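Participant: File name structure-v6.txt; file contents compact mmCIF, C-alpha atoms; full text below.
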```txt
# COMPACT_ATOMS: atom_id res chain seq x y z
CA MET A 1 -4.05 -202.03 234.53
CA LEU A 2 -5.23 -198.97 236.46
CA ILE A 3 -3.11 -197.71 239.31
CA GLN A 4 -5.15 -197.03 242.44
CA ARG A 5 -4.12 -193.63 243.85
CA GLY A 6 -5.42 -194.03 247.35
CA GLY A 7 -3.71 -193.92 250.72
CA LEU A 8 -0.12 -193.35 251.75
CA LYS A 9 2.70 -195.32 250.11
CA VAL A 10 5.75 -195.60 252.38
CA VAL A 11 9.06 -196.54 250.82
CA ALA A 12 11.22 -198.35 253.39
CA GLY A 13 14.92 -198.04 252.60
CA LEU A 14 16.39 -195.61 250.13
CA GLY A 15 19.39 -196.36 247.89
CA ILE A 16 19.04 -196.79 244.12
CA SER A 17 15.79 -198.75 243.98
CA GLY A 18 14.23 -196.75 246.83
CA VAL A 19 14.90 -193.44 245.06
CA ALA A 20 13.38 -194.83 241.84
CA ALA A 21 10.31 -196.03 243.77
CA VAL A 22 9.80 -192.67 245.54
CA ASN A 23 10.10 -190.71 242.31
CA PHE A 24 7.90 -193.07 240.31
CA LEU A 25 5.11 -193.04 242.89
CA HIS A 26 5.32 -189.26 243.33
CA GLU A 27 5.21 -188.65 239.58
CA HIS A 28 2.15 -190.90 239.30
CA GLY A 29 0.17 -188.91 241.82
CA TYR A 30 0.49 -191.00 244.97
CA ARG A 31 0.98 -189.69 248.47
CA VAL A 32 4.50 -190.85 249.30
CA ALA A 33 6.73 -190.94 252.38
CA VAL A 34 10.12 -192.54 252.90
CA THR A 35 12.00 -193.85 255.92
CA ASP A 36 15.52 -195.19 256.36
CA SER A 37 17.57 -196.23 259.39
CA ARG A 38 20.55 -194.22 258.11
CA ALA A 39 20.72 -190.51 258.98
CA THR A 40 21.82 -189.52 255.47
CA PRO A 41 20.96 -192.47 253.23
CA PRO A 42 22.35 -192.61 249.67
CA GLY A 43 20.00 -190.79 247.30
CA HIS A 44 18.39 -188.62 250.00
CA ASP A 45 19.10 -185.54 247.84
CA GLN A 46 17.34 -187.04 244.80
CA ILE A 47 13.81 -187.18 246.18
CA PRO A 48 11.17 -184.44 245.78
CA ALA A 49 10.82 -181.89 248.59
CA ALA A 50 7.10 -182.71 248.82
CA VAL A 51 7.87 -186.26 249.98
CA GLN A 52 7.84 -186.73 253.75
CA ALA A 53 11.18 -188.18 254.87
CA SER A 54 12.05 -189.75 258.22
CA PHE A 55 15.72 -190.73 258.51
CA GLY A 56 17.95 -191.98 261.32
CA GLN A 57 15.77 -194.96 262.21
CA LEU A 58 13.00 -196.95 260.58
CA ASP A 59 9.94 -194.92 261.55
CA GLU A 60 7.47 -197.49 262.84
CA GLU A 61 4.78 -194.87 263.42
CA LEU A 62 5.03 -193.80 259.78
CA LEU A 63 5.04 -197.39 258.56
CA LEU A 64 1.84 -198.11 260.50
CA GLN A 65 0.10 -195.24 258.67
CA ALA A 66 0.82 -196.79 255.28
CA GLU A 67 -1.74 -198.21 252.92
CA GLU A 68 1.18 -200.13 251.43
CA ILE A 69 4.92 -200.40 252.14
CA VAL A 70 7.40 -200.61 249.27
CA ILE A 71 10.43 -202.34 250.77
CA SER A 72 13.90 -201.93 249.32
CA PRO A 73 15.71 -205.21 248.60
CA GLY A 74 18.47 -204.41 251.09
CA LEU A 75 16.00 -204.39 254.00
CA ASP A 76 15.13 -207.67 255.67
CA PRO A 77 11.32 -208.09 255.93
CA LYS A 78 11.91 -209.77 259.32
CA LEU A 79 12.92 -206.44 260.90
CA PRO A 80 10.60 -205.73 263.86
CA GLU A 81 9.31 -202.43 262.40
CA ILE A 82 8.32 -204.18 259.16
CA GLN A 83 6.83 -207.11 261.06
CA ALA A 84 4.73 -204.73 263.15
CA ALA A 85 3.20 -203.32 259.96
CA ALA A 86 2.66 -206.80 258.52
CA ALA A 87 0.86 -207.83 261.71
CA LYS A 88 -1.60 -204.97 261.09
CA GLY A 89 -2.33 -206.37 257.61
CA ILE A 90 -0.41 -203.67 255.73
CA PRO A 91 0.83 -205.11 252.40
CA ILE A 92 4.61 -205.16 251.95
CA VAL A 93 5.68 -205.23 248.31
CA SER A 94 8.79 -204.79 246.18
CA GLU A 95 9.39 -202.18 243.50
CA ILE A 96 9.00 -205.08 241.02
CA GLN A 97 5.40 -205.48 242.20
CA ILE A 98 4.79 -201.79 241.50
CA LEU A 99 6.21 -202.21 237.98
CA ARG A 100 4.00 -205.24 237.33
CA ARG A 101 0.92 -203.15 238.16
CA ALA A 102 2.10 -200.23 236.07
CA THR A 103 2.72 -202.04 232.77
CA ASP A 104 1.05 -204.59 230.53
CA LYS A 105 4.25 -205.08 228.52
CA PRO A 106 5.94 -208.52 228.64
CA ILE A 107 8.59 -209.13 231.28
CA VAL A 108 11.45 -211.61 230.94
CA ALA A 109 12.41 -212.49 234.52
CA ILE A 110 15.85 -213.92 235.27
CA THR A 111 17.24 -215.11 238.59
CA GLY A 112 19.72 -217.68 239.90
CA SER A 113 22.61 -217.90 242.32
CA ASN A 114 25.09 -217.11 239.54
CA ALA A 115 25.33 -215.83 235.96
CA LYS A 116 22.10 -213.81 236.09
CA SER A 117 23.84 -210.54 235.18
CA THR A 118 25.57 -212.12 232.18
CA VAL A 119 22.37 -213.76 230.94
CA THR A 120 20.28 -210.62 231.51
CA THR A 121 22.78 -208.41 229.66
CA LEU A 122 23.27 -210.89 226.80
CA LEU A 123 19.54 -211.46 226.31
CA GLY A 124 18.93 -207.70 226.39
CA LEU A 125 21.56 -207.27 223.69
CA MET A 126 20.02 -210.07 221.62
CA ALA A 127 16.62 -208.36 221.84
CA LYS A 128 18.08 -204.96 220.92
CA GLU A 129 20.03 -206.36 217.96
CA ALA A 130 16.85 -208.13 216.80
CA GLY A 131 15.14 -204.73 216.61
CA LYS A 132 13.14 -204.80 219.86
CA LYS A 133 12.68 -201.69 222.00
CA VAL A 134 13.96 -203.29 225.19
CA ALA A 135 14.71 -202.00 228.69
CA VAL A 136 17.24 -203.97 230.76
CA GLY A 137 17.75 -203.64 234.52
CA GLY A 138 16.28 -204.54 237.90
CA ASN A 139 18.95 -205.91 240.22
CA LEU A 140 21.48 -204.99 237.53
CA GLY A 141 22.19 -201.46 236.32
CA ARG A 142 19.05 -199.32 236.30
CA PRO A 143 16.28 -199.97 238.83
CA ALA A 144 13.10 -201.49 237.41
CA LEU A 145 10.85 -198.45 237.91
CA ASP A 146 13.38 -196.17 236.23
CA LEU A 147 13.05 -198.30 233.07
CA THR A 148 9.42 -197.22 232.60
CA LYS A 149 10.72 -193.85 231.31
CA ASP A 150 11.94 -195.66 228.18
CA ASP A 151 8.40 -196.83 227.33
CA PRO A 152 9.82 -200.17 226.11
CA GLU A 153 7.94 -202.94 224.35
CA LEU A 154 9.81 -205.51 226.47
CA TYR A 155 11.43 -205.60 229.93
CA VAL A 156 14.39 -207.90 230.63
CA LEU A 157 14.88 -207.98 234.40
CA GLU A 158 17.53 -209.49 236.63
CA LEU A 159 15.82 -210.25 239.95
CA SER A 160 17.45 -211.10 243.27
CA SER A 161 15.97 -213.34 245.95
CA PHE A 162 15.59 -210.18 248.07
CA GLN A 163 13.40 -208.56 245.40
CA LEU A 164 11.41 -211.72 244.79
CA GLU A 165 10.50 -212.39 248.42
CA ALA A 166 8.23 -209.31 248.30
CA THR A 167 6.87 -209.95 244.78
CA SER A 168 3.69 -211.92 244.04
CA ASN A 169 2.14 -213.10 240.77
CA LEU A 170 4.77 -211.50 238.56
CA ALA A 171 3.09 -213.10 235.51
CA ALA A 172 6.31 -212.96 233.51
CA GLU A 173 6.17 -213.78 229.81
CA VAL A 174 9.04 -216.19 230.49
CA ALA A 175 11.04 -216.82 233.67
CA VAL A 176 14.15 -218.78 234.58
CA VAL A 177 16.08 -219.80 237.70
CA LEU A 178 19.48 -220.38 236.10
CA ASN A 179 21.03 -222.37 238.96
CA MET A 180 20.84 -222.79 242.72
CA SER A 181 23.72 -222.94 245.21
CA GLU A 182 24.21 -221.74 248.79
CA ASP A 183 24.01 -217.96 249.09
CA HIS A 184 22.36 -215.37 251.35
CA LEU A 185 21.54 -218.03 253.96
CA ASP A 186 22.16 -215.35 256.60
CA ARG A 187 19.01 -213.63 255.22
CA HIS A 188 16.84 -216.58 254.15
CA GLY A 189 17.69 -218.93 257.03
CA ASP A 190 18.34 -222.09 255.01
CA MET A 191 18.32 -223.44 251.45
CA MET A 192 14.56 -224.02 251.59
CA GLY A 193 13.95 -220.36 252.42
CA TYR A 194 16.31 -219.29 249.63
CA HIS A 195 14.73 -221.73 247.15
CA THR A 196 11.22 -220.54 248.05
CA ALA A 197 12.17 -216.90 247.47
CA LYS A 198 13.78 -217.65 244.10
CA HIS A 199 10.83 -219.72 242.87
CA ARG A 200 8.38 -216.87 243.44
CA ILE A 201 9.57 -215.77 239.99
CA PHE A 202 7.33 -218.46 238.49
CA GLN A 203 4.05 -217.26 240.02
CA ALA A 204 1.49 -216.92 237.16
CA VAL A 205 4.32 -217.34 234.59
CA LYS A 206 3.34 -217.87 230.93
CA LYS A 207 6.45 -219.83 229.80
CA VAL A 208 9.30 -221.47 231.73
CA VAL A 209 12.96 -222.06 230.99
CA PHE A 210 14.89 -224.37 233.33
CA ASN A 211 18.37 -225.87 233.68
CA ARG A 212 18.35 -229.67 233.12
CA ASP A 213 21.65 -229.94 235.01
CA ASP A 214 20.18 -228.49 238.22
CA SER A 215 16.98 -230.11 239.50
CA LEU A 216 16.41 -227.21 241.92
CA THR A 217 15.65 -224.88 238.99
CA ARG A 218 12.61 -226.77 237.68
CA PRO A 219 9.38 -225.27 239.00
CA LEU A 220 6.06 -226.80 239.92
CA VAL A 221 3.74 -225.12 237.43
CA PRO A 222 0.49 -226.17 235.70
CA ASP A 223 0.99 -228.93 233.10
CA ALA A 224 -0.20 -226.64 230.32
CA THR A 225 2.68 -224.17 230.90
CA PRO A 226 5.17 -224.37 227.98
CA MET A 227 8.60 -225.45 229.28
CA GLN A 228 11.98 -225.26 227.54
CA SER A 229 15.22 -226.64 228.99
CA PHE A 230 18.94 -226.05 228.49
CA GLY A 231 21.90 -228.09 229.71
CA LEU A 232 25.47 -229.15 229.03
CA ASN A 233 24.46 -232.46 227.46
CA ALA A 234 22.84 -233.71 224.25
CA PRO A 235 19.37 -232.17 224.06
CA ASP A 236 16.07 -233.87 223.33
CA MET A 237 14.04 -232.59 220.40
CA ASN A 238 13.28 -228.85 220.67
CA GLN A 239 15.50 -228.42 223.74
CA PHE A 240 18.88 -226.64 223.92
CA GLY A 241 22.18 -228.33 224.76
CA ILE A 242 25.54 -229.36 223.31
CA LEU A 243 26.69 -231.91 220.74
CA ARG A 244 30.31 -233.05 220.45
CA ASP A 245 32.16 -234.03 217.31
CA ASP A 246 34.67 -236.89 217.32
CA ASP A 247 37.51 -234.35 217.33
CA GLY A 248 36.22 -232.76 220.55
CA THR A 249 34.52 -229.75 218.91
CA ILE A 250 31.58 -228.56 221.05
CA TRP A 251 28.48 -227.25 219.29
CA LEU A 252 25.58 -225.31 220.78
CA ALA A 253 22.56 -227.24 219.57
CA ARG A 254 18.77 -227.31 219.44
CA GLY A 255 17.72 -230.93 219.35
CA ARG A 256 19.90 -232.59 216.69
CA GLU A 257 20.62 -229.28 214.91
CA ARG A 258 24.12 -227.85 215.36
CA LEU A 259 23.85 -224.08 215.73
CA LEU A 260 27.26 -222.62 216.64
CA LYS A 261 30.71 -223.91 217.58
CA SER A 262 31.50 -222.92 221.16
CA SER A 263 34.91 -221.72 219.91
CA ASP A 264 33.11 -219.11 217.75
CA MET A 265 31.83 -217.37 220.89
CA TYR A 266 33.98 -214.56 222.29
CA ILE A 267 33.24 -215.59 225.88
CA GLN A 268 34.82 -218.94 226.72
CA GLY A 269 34.35 -221.70 229.29
CA THR A 270 31.60 -224.30 229.62
CA HIS A 271 29.74 -222.08 232.12
CA ASN A 272 29.41 -219.46 229.37
CA VAL A 273 28.14 -222.13 226.96
CA ALA A 274 25.38 -222.78 229.52
CA ASN A 275 24.68 -219.03 229.73
CA ALA A 276 24.43 -218.81 225.94
CA LEU A 277 22.04 -221.78 225.81
CA ALA A 278 19.85 -220.18 228.48
CA CYS A 279 19.68 -217.01 226.38
CA LEU A 280 18.75 -218.95 223.24
CA ALA A 281 15.89 -220.66 225.11
CA LEU A 282 14.66 -217.37 226.61
CA GLY A 283 15.00 -215.59 223.27
CA GLU A 284 13.02 -218.30 221.48
CA ALA A 285 10.26 -217.91 224.09
CA ILE A 286 9.85 -214.22 223.18
CA GLY A 287 10.17 -214.76 219.44
CA LEU A 288 13.71 -213.52 218.72
CA PRO A 289 15.09 -214.80 215.39
CA LEU A 290 17.67 -217.56 215.86
CA ASP A 291 20.16 -216.21 213.29
CA SER A 292 20.20 -212.81 214.98
CA MET A 293 20.77 -214.36 218.42
CA LEU A 294 23.68 -216.46 217.12
CA ASN A 295 25.28 -213.37 215.59
CA THR A 296 25.08 -211.61 218.97
CA LEU A 297 26.78 -214.61 220.63
CA LYS A 298 29.79 -214.24 218.32
CA THR A 299 30.49 -210.68 219.47
CA PHE A 300 29.32 -210.45 223.11
CA LYS A 301 32.41 -209.82 225.24
CA GLY A 302 30.92 -210.59 228.66
CA LEU A 303 30.75 -208.38 231.74
CA GLU A 304 33.41 -206.71 233.81
CA HIS A 305 34.46 -208.78 236.87
CA ARG A 306 32.55 -211.86 235.63
CA CYS A 307 35.16 -214.27 234.23
CA GLU A 308 36.45 -211.24 232.34
CA PHE A 309 39.50 -211.98 230.19
CA VAL A 310 42.25 -209.52 231.17
CA LYS A 311 45.28 -210.49 229.08
CA GLU A 312 47.58 -213.28 227.99
CA LEU A 313 51.20 -213.25 229.15
CA ALA A 314 53.75 -215.93 228.21
CA GLY A 315 50.93 -218.26 227.15
CA VAL A 316 49.05 -217.81 230.47
CA ARG A 317 45.56 -216.29 230.35
CA TYR A 318 44.41 -214.11 233.28
CA TYR A 319 40.71 -213.87 234.24
CA ASN A 320 38.99 -211.46 236.61
CA ASP A 321 35.98 -213.12 238.27
CA SER A 322 35.82 -210.80 241.28
CA LYS A 323 32.00 -211.02 241.12
CA GLY A 324 32.48 -214.66 242.15
CA THR A 325 31.37 -213.89 245.71
CA ASN A 326 29.89 -217.31 246.48
CA ILE A 327 30.92 -220.93 246.08
CA GLY A 328 28.57 -221.61 243.16
CA ALA A 329 30.06 -218.79 241.08
CA THR A 330 33.61 -219.95 241.80
CA LEU A 331 32.77 -223.57 240.96
CA ALA A 332 31.33 -222.42 237.62
CA ALA A 333 34.54 -220.49 236.86
CA ILE A 334 36.92 -223.30 237.89
CA ASP A 335 34.95 -225.99 236.07
CA GLY A 336 34.25 -223.83 233.02
CA LEU A 337 37.83 -222.69 232.46
CA GLY A 338 39.40 -225.91 233.75
CA ALA A 339 37.47 -228.09 231.30
CA ALA A 340 38.32 -225.73 228.44
CA ILE A 341 42.12 -225.96 229.00
CA GLU A 342 42.31 -229.58 230.17
CA ALA A 343 42.95 -231.01 226.68
CA GLN A 344 46.06 -228.80 226.30
CA GLY A 345 47.38 -229.90 229.69
CA GLY A 346 46.48 -226.55 231.26
CA LYS A 347 45.67 -226.06 234.94
CA VAL A 348 44.13 -223.26 237.03
CA ALA A 349 46.02 -221.10 239.52
CA ILE A 350 43.25 -219.55 241.62
CA ILE A 351 43.05 -216.73 244.17
CA LEU A 352 40.46 -217.46 246.88
CA GLY A 353 39.33 -215.70 250.05
CA GLY A 354 37.72 -212.77 251.78
CA GLN A 355 34.60 -212.85 253.95
CA GLY A 356 33.08 -216.32 253.64
CA LYS A 357 29.47 -215.57 254.73
CA GLY A 358 29.24 -218.89 256.60
CA GLN A 359 29.52 -221.01 253.44
CA ASP A 360 30.78 -224.59 253.40
CA PHE A 361 34.00 -224.43 251.35
CA THR A 362 34.38 -228.22 251.21
CA ALA A 363 32.13 -227.94 248.12
CA LEU A 364 35.20 -226.64 246.25
CA ARG A 365 37.29 -229.76 246.92
CA ASP A 366 36.46 -231.89 243.87
CA SER A 367 36.95 -229.07 241.35
CA LEU A 368 40.21 -227.91 242.93
CA ASN A 369 41.44 -231.49 242.98
CA LYS A 370 40.63 -231.91 239.30
CA TYR A 371 41.63 -228.58 237.77
CA ALA A 372 43.82 -226.48 240.14
CA LYS A 373 47.62 -226.52 240.41
CA VAL A 374 47.70 -223.94 243.23
CA ALA A 375 45.24 -221.96 245.37
CA VAL A 376 46.50 -218.70 246.86
CA LEU A 377 44.44 -217.67 249.89
CA ILE A 378 43.82 -214.06 250.92
CA GLY A 379 41.58 -212.24 253.38
CA GLU A 380 39.78 -212.68 256.65
CA ASP A 381 38.54 -216.26 256.30
CA ARG A 382 41.76 -217.81 254.99
CA PRO A 383 41.99 -220.27 257.94
CA ILE A 384 38.43 -221.53 257.40
CA ILE A 385 38.99 -222.02 253.67
CA GLU A 386 42.37 -223.70 254.19
CA LYS A 387 40.88 -226.20 256.63
CA ALA A 388 38.02 -226.99 254.24
CA ILE A 389 40.14 -227.56 251.12
CA ALA A 390 43.37 -228.99 252.61
CA GLY A 391 44.79 -231.85 250.57
CA THR A 392 43.25 -230.83 247.22
CA THR A 393 46.08 -228.78 245.69
CA ALA A 394 49.05 -226.68 246.78
CA LEU A 395 47.81 -224.00 249.22
CA LEU A 396 49.72 -220.75 249.68
CA HIS A 397 48.95 -217.52 251.55
CA ALA A 398 49.31 -213.91 250.44
CA ALA A 399 48.91 -210.74 252.49
CA THR A 400 47.86 -208.63 249.51
CA LEU A 401 46.19 -209.16 246.15
CA LYS A 402 49.38 -208.00 244.41
CA GLU A 403 51.39 -210.69 246.20
CA ALA A 404 48.75 -213.29 245.28
CA VAL A 405 48.96 -212.38 241.58
CA GLU A 406 52.76 -212.58 241.66
CA ILE A 407 52.65 -216.02 243.32
CA CYS A 408 50.21 -217.26 240.65
CA GLN A 409 52.49 -215.97 237.89
CA GLN A 410 55.44 -217.88 239.41
CA HIS A 411 53.47 -221.14 239.37
CA ALA A 412 51.72 -220.78 235.99
CA GLN A 413 53.09 -221.93 232.65
CA ALA A 414 51.86 -221.86 229.04
CA ASN A 415 48.20 -223.05 228.62
CA ASP A 416 47.47 -222.40 232.32
CA VAL A 417 44.90 -219.90 233.58
CA VAL A 418 45.29 -217.49 236.51
CA LEU A 419 41.84 -216.87 237.99
CA LEU A 420 40.64 -214.43 240.62
CA SER A 421 37.38 -216.01 241.79
CA PRO A 422 37.34 -215.54 245.57
CA ALA A 423 34.05 -217.31 246.52
CA CYS A 424 33.82 -214.61 249.20
CA ALA A 425 32.63 -211.08 249.85
CA SER A 426 35.35 -208.44 249.60
CA PHE A 427 34.65 -205.96 252.39
CA ASP A 428 37.51 -207.12 254.63
CA MET A 429 40.07 -205.72 252.18
CA PHE A 430 38.15 -203.64 249.59
CA LYS A 431 35.15 -201.33 249.21
CA GLY A 432 33.46 -203.96 247.06
CA TYR A 433 33.97 -206.62 244.42
CA SER A 434 34.52 -204.02 241.68
CA GLU A 435 37.44 -202.41 243.53
CA ARG A 436 38.89 -205.89 244.11
CA GLY A 437 38.51 -206.66 240.41
CA HIS A 438 40.06 -203.37 239.27
CA GLN A 439 43.02 -203.94 241.58
CA PHE A 440 43.48 -207.41 240.11
CA VAL A 441 43.45 -206.02 236.57
CA ASP A 442 46.01 -203.36 237.58
CA CYS A 443 48.22 -206.03 239.18
CA VAL A 444 48.04 -208.23 236.07
CA ASN A 445 48.80 -205.29 233.77
CA SER A 446 51.89 -204.45 235.84
CA LEU A 447 53.36 -207.96 235.47
CA ALA A 448 56.48 -208.23 233.33
```
Translate the structure described by the file into structure tokens.
Facilitator:
Amino acid sequence: MLIQRGGLKVVAGLGISGVAAVNFLHEHGYRVAVTDSRATPPGHDQIPAAVQASFGQLDEELLLQAEEIVISPGLDPKLPEIQAAAAKGIPIVSEIQILRRATDKPIVAITGSNAKSTVTTLLGLMAKEAGKKVAVGGNLGRPALDLTKDDPELYVLELSSFQLEATSNLAAEVAVVLNMSEDHLDRHGDMMGYHTAKHRIFQAVKKVVFNRDDSLTRPLVPDATPMQSFGLNAPDMNQFGILRDDDGTIWLARGRERLLKSSDMYIQGTHNVANALACLALGEAIGLPLDSMLNTLKTFKGLEHRCEFVKELAGVRYYNDSKGTNIGATLAAIDGLGAAIEAQGGKVAIILGGQGKGQDFTALRDSLNKYAKVAVLIGEDRPIIEKAIAGTTALLHAATLKEAVEICQQHAQANDVVLLSPACASFDMFKGYSERGHQFVDCVNSLA
């Protein structure tokens, strides 16, 4: 596909993806300018001197001169300066749209409210270990346009709803919405807006993978589009799911064929079984050998801050799920770990709280009731969370994360799990979820 080197491309918003977009466009011979509302935006020192830069406010005059605006995912398209350009008919696109024009190589496109980073990383590893020259990134790790430097034969991209709302006709080789739960409603307005943004991933898609357990993930696509499903139940022929033996052993399965015992995976919990099944379906769609994918599943250790196993102390296992910044992620962690330890009489001691982003925490009630022995509340929105989940389990408060970990240790006994999965943003107490997670790991490691 030829790139048209015509009028001015204006990158709106810098940061990681904005820097990659500026440099990519400049290197490919476009006229490029950049604007950002921040006076010294991150990455301002990484763009070529020849690129016109206007910082300190979004430069509406500059935007109105654009042939096309490349909007960074952190910028809301509803901003008045962006809307003014849109009203003049100036196209507003994402860096993912630029990548789609620039390559004819297949793209695996992965989104969802939760687990997309785990699935993207695991599938990328499966492709690499199967001998593919693969580039992995997007909303995770390296920005999409930076990946073009690798000249890969395959792109595996994690895509956020913010990236997708400015992407059209992605024409992915295979695409999946892993799951849907409330998130980013402050940006998208309501669940319909959020759902619409996510489902743009299926525009002109060649093959679809969807989650049978979540009806919101199944797209409306032409009947001829090949579709593969995964779910935590017995699968129909040629679909992925689980089969249970009489002794309770859980197998990952394709149709009636048992593929791998869930206990043979390094990452544990039913939510990670679902992630593995999603990867098997996506991998099959791009022709990865089944045996190779199963071997990868036995060794993949998961991602930092995503239900990351920290250590076992006195028979209690500690997990860092600091990336659990919304209710859906926390439900997956509670249900996944809770179901895995239930047979041994184990319960979950969970640390919840932070900035709640307007979510409805009553959605946690059933899982807490079923699996939790105590919930320790921290952070700004403790009162809101306490009111929403009162009566489900013992509720305690802690002023610091260290105190919360110590309280959990006091209440936990052998076969229990201590879980940091806050269901909230972290900025009231930390610089971000990674700092929160690292502090949790430090606190756990200092326990006697």
Participant: Would you list the contacts of Pro143 of chain A as a PyMOL selection string, taking every protein, DNA or RNA residue within 10 Å and counting only C-alpha atoms, but skipping same-chain residues closer than 5 positions in sequence?
Facilitator: chain A and resi 16-21+95-96+136-138+148+157-158
Participant: When you draw a straight line from atom CA of Leu260 of chain A to atom CA of Asp246 of chain A, how long is it in Å?
Facilitator: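 Computing it gives 16.1 Å between the two atoms.
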Participant: Find the residues near Thr196 of chain A: any atom within 10 Å, counting all atoms listed in the file, skip ones fewer than 5 places away on the same chain, and give them as a ChimeraX atom specification.
Facilitator: /A:161,164-165,188,191,201
Participant: Residues of segment 255-309 of chain A within 9 Å of segment 166-183 of chain A: nearest atom pair and distance (Å, one decimal) for each, counting all atoms listed in the file, sorted by chain and number, as a Markdown table?
Facilitator:
```
| residue | atom | partner | partner_atom | distance |
| --- | --- | --- | --- | --- |
| A:Asn275 | CA | A:Leu178 | CA | 8.3 |
| A:Ala278 | CA | A:Leu178 | CA | 7.6 |
| A:Leu282 | CA | A:Val174 | CA | 6.9 |
| A:Ala285 | CA | A:Val174 | CA | 6.7 |
| A:Ile286 | CA | A:Glu173 | CA | 7.6 |
```
Participant: Take the residues just selected and output them with C-alpha atoms as an mmCIF file, keeping the file's coordinate frame.
Facilitator:
```cif
data_model
loop_
_atom_site.group_PDB
_atom_site.id
_atom_site.type_symbol
_atom_site.label_atom_id
_atom_site.label_comp_id
_atom_site.auth_asym_id
_atom_site.auth_seq_id
_atom_site.Cartn_x
_atom_site.Cartn_y
_atom_site.Cartn_z
ATOM 1 C CA ASN A 275 24.680 -219.030 229.730
ATOM 2 C CA ALA A 278 19.850 -220.180 228.480
ATOM 3 C CA LEU A 282 14.660 -217.370 226.610
ATOM 4 C CA ALA A 285 10.260 -217.910 224.090
ATOM 5 C CA ILE A 286 9.850 -214.220 223.180
#
```
Participant: Quick check, in Å to one decimal: how far apart do atom CA of Ala49 of chain A and atom CA of Ser94 of chain A lie?
Facilitator: 23.1 Å
Participant: In the coordinate frame of the file, compute which residues have an atom within 12 Å of (12.0, -198.2, 247.9) when using only C-alpha atoms, and state them as a VMD selection string.
Facilitator: chain A and resid 9 to 25 32 to 36 41 to 44 47 68 to 75 92 to 98 143 to 146 163 166
Participant: Around the point (51.0, -216.8, 242.1) (coordinates from the file), which residues reach within 12 Å if we count all atoms listed in the file? Answer as a PyMOL selection string.
Facilitator: chain A and resi 316+318+348-352+373-378+394-398+400-413+416-420+443-444+447
Participant: I'd like to know which of A:Gly231, A:Arg31, A:Phe202, A:Ile267 is closest to Pro219 of chain A, using all atoms listed in the file.
Facilitator: A:Phe202
Participant: Let me make sure I understand: among A:Ala127, A:Met192, A:Gly437, A:Ala109, which one has the smallest atom-to-atom distance to Leu294 of chain A if we use all atoms listed in the file?
Facilitator: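 Looking only at the distances to Leu294 of chain A, the closest residue turns out to be A:Ala127.
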Participant: For Asp213 of chain A, which residue out of A:Met265, A:Ile341, A:Ala423, A:Ala274 is the nearest one, using all atoms listed in the file?
Facilitator: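 Selected residue with least distance to Asp213 of chain A: A:Ala274.
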Participant: At a cut-off of 7 Å, using only C-alpha atoms, what residues contact Arg254 of chain A? Leave out same-chain residues fewer than 2 positions from it and give the result as a compact mmCIF listing (two decimals) with C-alpha atoms, in the frame of the given file.
Facilitator:
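Heads up, here's the output in result09.txt:
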```
# COMPACT_ATOMS: atom_id res chain seq x y z
CA PRO A 235 19.37 -232.17 224.06
CA ASN A 238 13.28 -228.85 220.67
CA GLN A 239 15.50 -228.42 223.74
CA PHE A 240 18.88 -226.64 223.92
CA GLY A 241 22.18 -228.33 224.76
CA ARG A 256 19.90 -232.59 216.69
CA GLU A 257 20.62 -229.28 214.91
CA ARG A 258 24.12 -227.85 215.36
```
Participant: Which is closest to Ala84 of chain A among A:Gln65, A:Phe309, A:Gly6, A:Phe427, if we use only C-alpha atoms?
Facilitator: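 Nearest to Ala84 of chain A: A:Gln65.
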Participant: Report, in Å with one decimal, the straight-line distance from atom CA of His438 of chain A to atom CA of Gln268 of chain A.
Facilitator: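 These atoms are spaced 20.7 Å apart.
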Participant: So, counting all atoms listed in the file, which residue among A:Ile107, A:Gly358, A:Ser117, A:Ala102 is closest to Arg306 of chain A?
Facilitator: A:Ser117
Participant: For Ala339 of chain A, which of A:Ile385, A:Cys279, A:Ala115, A:His271 is the closest residue, counting all atoms listed in the file?
Facilitator: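 The closest residue to Ala339 of chain A is A:His271.
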Participant: Starting from 4 Å padding per side, set up an axis-aligned box that covers all listed atoms of segment 100-103 of chain A and hand over centre and edge lengths in Å, one decimal, as JSON.
Facilitator:
```
{"center_x": 2.5, "center_y": -202.7, "center_z": 235.5, "size_x": 11.1, "size_y": 13.0, "size_z": 13.4}
```
Participant: Using C-alpha atoms, give me segment 212-227 of chain A from the structure I just pasted, as an mmCIF file, in the first residue's frame.
Facilitator:
```
data_model
loop_
_atom_site.group_PDB
_atom_site.id
_atom_site.type_symbol
_atom_site.label_atom_id
_atom_site.label_comp_id
_atom_site.auth_asym_id
_atom_site.auth_seq_id
_atom_site.Cartn_x
_atom_site.Cartn_y
_atom_site.Cartn_z
ATOM 1 C CA ARG A 212 -18.474 -17.630 24.809
ATOM 2 C CA ASP A 213 -18.812 -16.598 28.463
ATOM 3 C CA ASP A 214 -19.294 -12.910 27.600
ATOM 4 C CA SER A 215 -21.971 -12.115 25.014
ATOM 5 C CA LEU A 216 -20.645 -8.549 24.656
ATOM 6 C CA THR A 217 -17.498 -9.868 22.949
ATOM 7 C CA ARG A 218 -19.228 -11.466 19.956
ATOM 8 C CA PRO A 219 -19.220 -9.144 16.952
ATOM 9 C CA LEU A 220 -21.691 -8.595 14.162
ATOM 10 C CA VAL A 221 -19.643 -9.619 11.130
ATOM 11 C CA PRO A 222 -20.510 -11.146 7.734
ATOM 12 C CA ASP A 223 -21.652 -14.792 7.966
ATOM 13 C CA ALA A 224 -18.687 -15.939 5.888
ATOM 14 C CA THR A 225 -16.167 -14.678 8.485
ATOM 15 C CA PRO A 226 -14.501 -17.663 10.239
ATOM 16 C CA MET A 227 -15.254 -17.544 13.980
#
```
